[in-house]
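Undergrad: Below are the structure tokens for one structure; questions will follow.
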Amino acid sequence: QVQLVESGGGLVQAGGSLRLSCAASGGTFSRYPMGWFRQAPGKERKFVAAISRTGTSSGYVDSVKGRFTISRDNAKNTVYLQMNSLEPGDTAVYYCAAATKPRDSITYAYYTGAQLYDVWGQGTQVTVSS
């Protein structure tokens with residue numbers, strides 16, 4: 001059974017940077033499209049970024065384009081989210097997710113819908129102070 005463990009969250013001032021990591025175990029990581037989502041207090045979980053199996057394709061929500069970068073290292077079974085120029089509005093619990101039963105076999109496909117992911121990490125808190 002696939003398990004995901006996030007790390008790297010914390011408290012940072014506006015304009016600062018953080019790098020989140022998500023380590024996977026128990027499965028064949030290179031087969032899974034991966035994603036990052038976030039949930040602010042009192043709000044629903046929302047898409048942030050996603051990456052294809054091989055890492056050749058990725059997508060972002062408009063609000064983080066140019067500031068966040070998703071990447072993966074299949075040799076280390078890890079996906080990353082580099083977050084720069086952080087803003088108070090980025091404050092949330094960040095979750096990584098794996099699509100272990102992807103709906104297609106296209107190597108460059110990535111998914112933005114939460115319903116397409118079936119394994120989730122426990123989340124890591126990111127707090128950005130103004």
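Residues in the structure tokens are named by chain (A, B, ... in the order shown) and by number from 1 within that chain; ligands are numbered from 1 in the order shown.
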Determine, using only C-alpha atoms, which residues of stretch 68-123 of chain A have any atom at most 8 Å from an atom of stretch 12-31 of chain A, and tabulate each with its shortest atom pair and distance in Å to one decimal place, rows ordered by chain and then rising number, as a Markdown table.
TA:
| residue | atom | partner | partner_atom | distance |
| --- | --- | --- | --- | --- |
| A:Asn74 | CA | A:Ser30 | CA | 5.5 |
| A:Lys76 | CA | A:Ala23 | CA | 7.9 |
| A:Asn77 | CA | A:Ala24 | CA | 5.4 |
| A:Thr78 | CA | A:Ala23 | CA | 4.5 |
| A:Val79 | CA | A:Cys22 | CA | 5.2 |
| A:Tyr80 | CA | A:Ser21 | CA | 4.5 |
| A:Leu81 | CA | A:Leu20 | CA | 5.0 |
| A:Gln82 | CA | A:Arg19 | CA | 4.4 |
| A:Met83 | CA | A:Leu18 | CA | 5.2 |
| A:Asn84 | CA | A:Ser17 | CA | 4.4 |
| A:Ser85 | CA | A:Gly15 | CA | 4.2 |
| A:Leu86 | CA | A:Gly15 | CA | 4.9 |
| A:Glu87 | CA | A:Ala14 | CA | 5.0 |
| A:Pro88 | CA | A:Ala14 | CA | 6.3 |
| A:Cys96 | CA | A:Cys22 | CA | 6.4 |
| A:Thr100 | CA | A:Arg31 | CA | 7.4 |
| A:Gly121 | CA | A:Cys22 | CA | 7.9 |
Undergrad: Report as a list in words all protein, DNA and RNA residues lying within 12 Å of A:Gly89, evaluated on only C-alpha atoms, omitting residues in the same chain fewer than 2 positions from it.
TA: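 Listed by chain and then number, they are Gln13, Ala14, Gly15, Arg38, Gln39, Ala40, Pro41, Ser63, Val64, Ser85, Leu86, Glu87, Thr91, Ala92, Val93, Val126, Thr127, Val128, Ser129 and Ser130 of chain A.
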Undergrad: Quick one: of A:Ala75, A:Met34, A:Leu116, A:Leu11, who's nearest to A:Ala97, counting only C-alpha atoms?
TA: A:Met34
Undergrad: For atom CA of A:Ala49 and atom CA of A:Tyr94, determine how far apart the two atoms are, in Å to one decimal place.
TA: 10.9 Å
Undergrad: From the set A:Lys46, A:Thr69, A:Gly55, A:Tyr95, which residue has the shortest atom-to-atom contact distance to A:Thr124, counting only C-alpha atoms?
TA: A:Tyr95
Undergrad: Take atom CA of A:Trp36 and atom CA of A:Gln122 and report the distance between them in Å, one decimal.
TA: 12.0 Å
Undergrad: So the first atom is atom CA of A:Arg103 and the second is atom CA of A:Asp73; what is the distance between them in Å, to one decimal place?
TA: 22.3 Å
